[in-house]
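Input: a single structure, listed below in structure tokens.
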Amino acid sequence: MSSTATARESDVDTATLRRKVAFASAIGNFVEWFDSGAYAVMSATIAGLFFPQYDPAAALLATWAVFAGGFIARPIGAIVFGYFGDRIGRNKMLAASVLCMSGATFLIGVLPPYSVLGIAAPILLFLLRAVQGFSTGGEYTGGSAFIMEYAPDGKRARYASPIPMTVGIAAVAGSLVGVLLTSGLSEAALLSWGWRIPFLLAAPLGLIGLYLRSRVEDTPVFRALEQHDAVPRTPLRNAVRLCGKQILTLFGYSITNAVAYYLMSSYMIAYMSENLHYSKASAMLTSVVAMLVYSIACPFLARASDRFGRKPMLLVACGGFVVLTYPAFLIMPFGIGMAMLGTSVLALLVAAIGTSNVPALVELFPTGVRSSGSAIGYTAAYVLFGGTAPFVATGLTQATGSSLSPGFYVMGVALISLIVVLFAFTETKNLPLRRDTVT
């Protein structure tokens, strides 16, 4: 066989391997976020089943408090999965995370409500949400590192785009399940057993994700560390000691990603029905449209990130939130078409920041502390700002009496991120992924 034919065959094998890696990462990430989205989709129903109904608004706030509580365990998950991702490999920890998430979500699906267990029901719900949060703490950043370390230079954002894209697809799937259940079942059937269906789907989806991830070996970047006996013994300590600026910078612009995503994907359904008085079916349909826009936009905006760089795209996204969020919220009450348009504008901006955030959070850190460093900065943003976003938005709306309050919250957070990107972020798209120095 000629050397040319051998090289061509090698290129085909490499392309096939990268497709397998992308698919394994995507399906595992889908499982994680479908499971998390199932809670958000059924938030109003869960409020009625797991909390006393003395005050419906208080019950909804309590539901979002439990949602935020799931984020409390995220830092622990980030530390554990990040540490072992840097110590024993990216893929082993990703397989563990999908198993952990699907198991906790399945148990939520069989959990008896308040009428059966009393106060134990919301406590168990909180604990299972914490397990979900523990799992998610290492999933997104670990999956990003895994797929990026297989990607060719110059196309990293494009190859990594399945990570943010499948988050959107999972939300679409969760919302569609919610639309089908709420429109196809009676209220009694929905309260009795229908709400459990999205959670029970976690078991087969989790097994599929586990199977696919177990069939792909770890990244060439991590295997090179092992071969050269360069795997760090204390990656977490090294990340904090060496990469403080990178961690804080990642945190500073990820807070906008966190707030905007969770308002768009989780809060908007309740916001549309409770504050703007659309039907639940219309609210869920609006969410489906917005998440479809987000998912479709991801690969295109990822290409733009590879072409123009992470910093320009992050500046466009953060600046867009500052300028466009207010008009997007302003038009939402004027019919379902305007509501879809407003949420779609936010969806495009979330896609713009997310598709550059994924490659940047990997590129910011040297190989040996990549999982630990990225997990700390990214997860802290989602714990402090993402998990609390629906709760804060609901509280602001009730306190001010203005349906525009969540929009002003997004604008304020985005302004902070804009300043961070402008003055603290250094372009990362051309940095080598195989490196042991902080740049």
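Residues in the structure tokens are named by chain (A, B, ... in the order shown) and by number from 1 within that chain; ligands are numbered from 1 in the order shown.
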**OP:** Determine which residues of segment 48-174 of chain A DSSP labels as alpha helix (DSSP H) from the backbone of this structure, then write them out as a PyMOL selection string.
**Re:** chain A and resi 48-50+56-69+74-87+90-109+114-117+120-148+156-160+162-174
Show me, as a Markdown table, the residues of segment 214-275 of chain A having an atom within 12 Å of segment 175-193 of chain A, each with the closest atom pair and its distance in Å, using only C-alpha atoms.
| residue | atom | partner | partner_atom | distance |
| --- | --- | --- | --- | --- |
| A:Ser265 | CA | A:Ser175 | CA | 9.2 |
| A:Ser266 | CA | A:Ser175 | CA | 9.8 |
| A:Met268 | CA | A:Ser175 | CA | 11.4 |
| A:Ile269 | CA | A:Ser175 | CA | 9.2 |
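The environment of Val369 of chain A within 8 Å, counting only C-alpha atoms and disregarding residues fewer than 2 places along the same chain, consists of Asp86, Pro232, Pro235, Leu236, Asn238, Ala239, Phe365, Pro366, Thr367, Ser371, Ser372 and Gly373 of chain A.
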Write out, as a JSON list (two decimals), in the first residue's frame, the residues just selected, with N, CA and C atoms.
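Contents of the output file again_10.json:
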[["chain", "number", "residue", "atom", "x", "y", "z"],
["A", 86, "ASP", "N", -8.87, 14.92, 35.76],
["A", 86, "ASP", "CA", -7.45, 15.23, 35.55],
["A", 86, "ASP", "C", -6.53, 14.11, 36.04],
["A", 232, "PRO", "N", -0.88, 15.15, 36.94],
["A", 232, "PRO", "CA", -0.62, 15.82, 38.22],
["A", 232, "PRO", "C", -1.25, 15.08, 39.40],
["A", 235, "PRO", "N", -4.29, 18.18, 40.99],
["A", 235, "PRO", "CA", -4.74, 19.11, 39.94],
["A", 235, "PRO", "C", -5.59, 20.26, 40.46],
["A", 236, "LEU", "N", -6.41, 19.98, 41.47],
["A", 236, "LEU", "CA", -7.27, 21.04, 42.01],
["A", 236, "LEU", "C", -6.44, 22.14, 42.65],
["A", 238, "ASN", "N", -3.31, 22.78, 42.09],
["A", 238, "ASN", "CA", -2.51, 23.42, 41.05],
["A", 238, "ASN", "C", -3.35, 24.42, 40.25],
["A", 239, "ALA", "N", -4.60, 24.06, 39.97],
["A", 239, "ALA", "CA", -5.47, 24.95, 39.21],
["A", 239, "ALA", "C", -5.71, 26.26, 39.96],
["A", 365, "PHE", "N", -7.05, 26.80, 30.04],
["A", 365, "PHE", "CA", -6.28, 26.07, 31.06],
["A", 365, "PHE", "C", -5.29, 25.10, 30.44],
["A", 366, "PRO", "N", -4.11, 24.94, 31.07],
["A", 366, "PRO", "CA", -3.16, 23.93, 30.61],
["A", 366, "PRO", "C", -3.69, 22.52, 30.83],
["A", 367, "THR", "N", -3.12, 21.57, 30.12],
["A", 367, "THR", "CA", -3.66, 20.21, 30.05],
["A", 367, "THR", "C", -3.89, 19.57, 31.42],
["A", 371, "SER", "N", -9.62, 20.04, 33.50],
["A", 371, "SER", "CA", -10.94, 19.66, 34.03],
["A", 371, "SER", "C", -11.22, 20.37, 35.35],
["A", 372, "SER", "N", -10.22, 20.44, 36.21],
["A", 372, "SER", "CA", -10.41, 21.07, 37.52],
["A", 372, "SER", "C", -10.62, 22.57, 37.39],
["A", 373, "GLY", "N", -9.75, 23.25, 36.65],
["A", 373, "GLY", "CA", -9.85, 24.71, 36.53],
["A", 373, "GLY", "C", -11.13, 25.16, 35.87]]
**OP:** Work out how far apart atom CA of Leu285 of chain A and atom CA of Gly335 of chain A are and give it in Å to one decimal.
**Re:**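 Going from atom CA of Leu285 of chain A over to atom CA of Gly335 of chain A covers 13.0 Å.
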Subject >> Spatial neighbours of Pro112 of chain A, max dist 10 Å, only C-alpha atoms, sep filter under 3 positions, as number ranges by chain >> reply: A: 49-50, 107-109, 115-118, 120-122, 124-125
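Going from atom CA of Glu274 of chain A over to atom CA of Met338 of chain A, you cover 17.1 Å.
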Original post:
From the list A:Asn275, A:Thr437, A:Ser356, A:Ser344, which residue is nearest Val316 of chain A when using only C-alpha atoms?
Top reply: A:Ser356
Return as a Markdown table the residues of segment 360-397 of chain A lying at most 8 Å from segment 425-432 of chain A, together with the closest atom-to-atom pair for each and the distance in Å to one decimal, counting only C-alpha atoms, with rows in chain order and ascending residue number.
| residue | atom | partner | partner_atom | distance |
| --- | --- | --- | --- | --- |
| A:Ala360 | CA | A:Thr428 | CA | 6.3 |
| A:Glu363 | CA | A:Thr428 | CA | 5.9 |
| A:Leu364 | CA | A:Thr428 | CA | 6.5 |
Subject >> Selection: 9 Å around Leu384 of chain A, only C-alpha atoms, excl. self and same-chain fewer than 4 positions, as a VMD selection string >> reply: chain A and resid 71 to 72 255 379 to 380 388 to 389
Export C-alpha atoms of the chosen residues as a PDB file, in the first residue's frame?
ATOM      1  CA  PHE A  71     -27.054  23.609  42.307  1.00  0.00           C
ATOM      2  CA  ILE A  72     -25.668  23.500  45.843  1.00  0.00           C
ATOM      3  CA  ILE A 255     -22.580  34.391  34.845  1.00  0.00           C
ATOM      4  CA  THR A 379     -19.692  25.766  37.957  1.00  0.00           C
ATOM      5  CA  ALA A 380     -19.356  28.637  40.439  1.00  0.00           C
ATOM      6  CA  THR A 388     -30.856  31.055  41.468  1.00  0.00           C
ATOM      7  CA  ALA A 389     -31.986  32.820  38.269  1.00  0.00           C
TER       8      ALA A 389
END
Per residue of segment 98-123 of chain A within 8 Å of segment 131-134 of chain A, record the nearest atom pair and its distance in Å to one decimal, counting only C-alpha atoms, with rows in chain order and ascending residue number, as CSV.
residue,atom,partner,partner_atom,distance
A:Cys100,CA,A:Gln132,CA,7.3
A:Met101,CA,A:Gln132,CA,5.1
A:Ala104,CA,A:Gln132,CA,6.1
A:Thr105,CA,A:Gln132,CA,7.1
**OP:** One decimal, Å: what's the distance from atom CA of Val438 of chain A over to atom CA of Ala22 of chain A, could you say?
**Re:**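 Separating atom CA of Val438 of chain A from atom CA of Ala22 of chain A is a distance of 27.2 Å.
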Original post:
Leaving out Gly209 of chain A and any residue of its chain fewer than 4 positions from it, which residues lie within 12 Å of it when counting only C-alpha atoms, given as a PyMOL selection string?
Top reply: chain A and resi 21+23-32+91+94-102+202-205+213-216
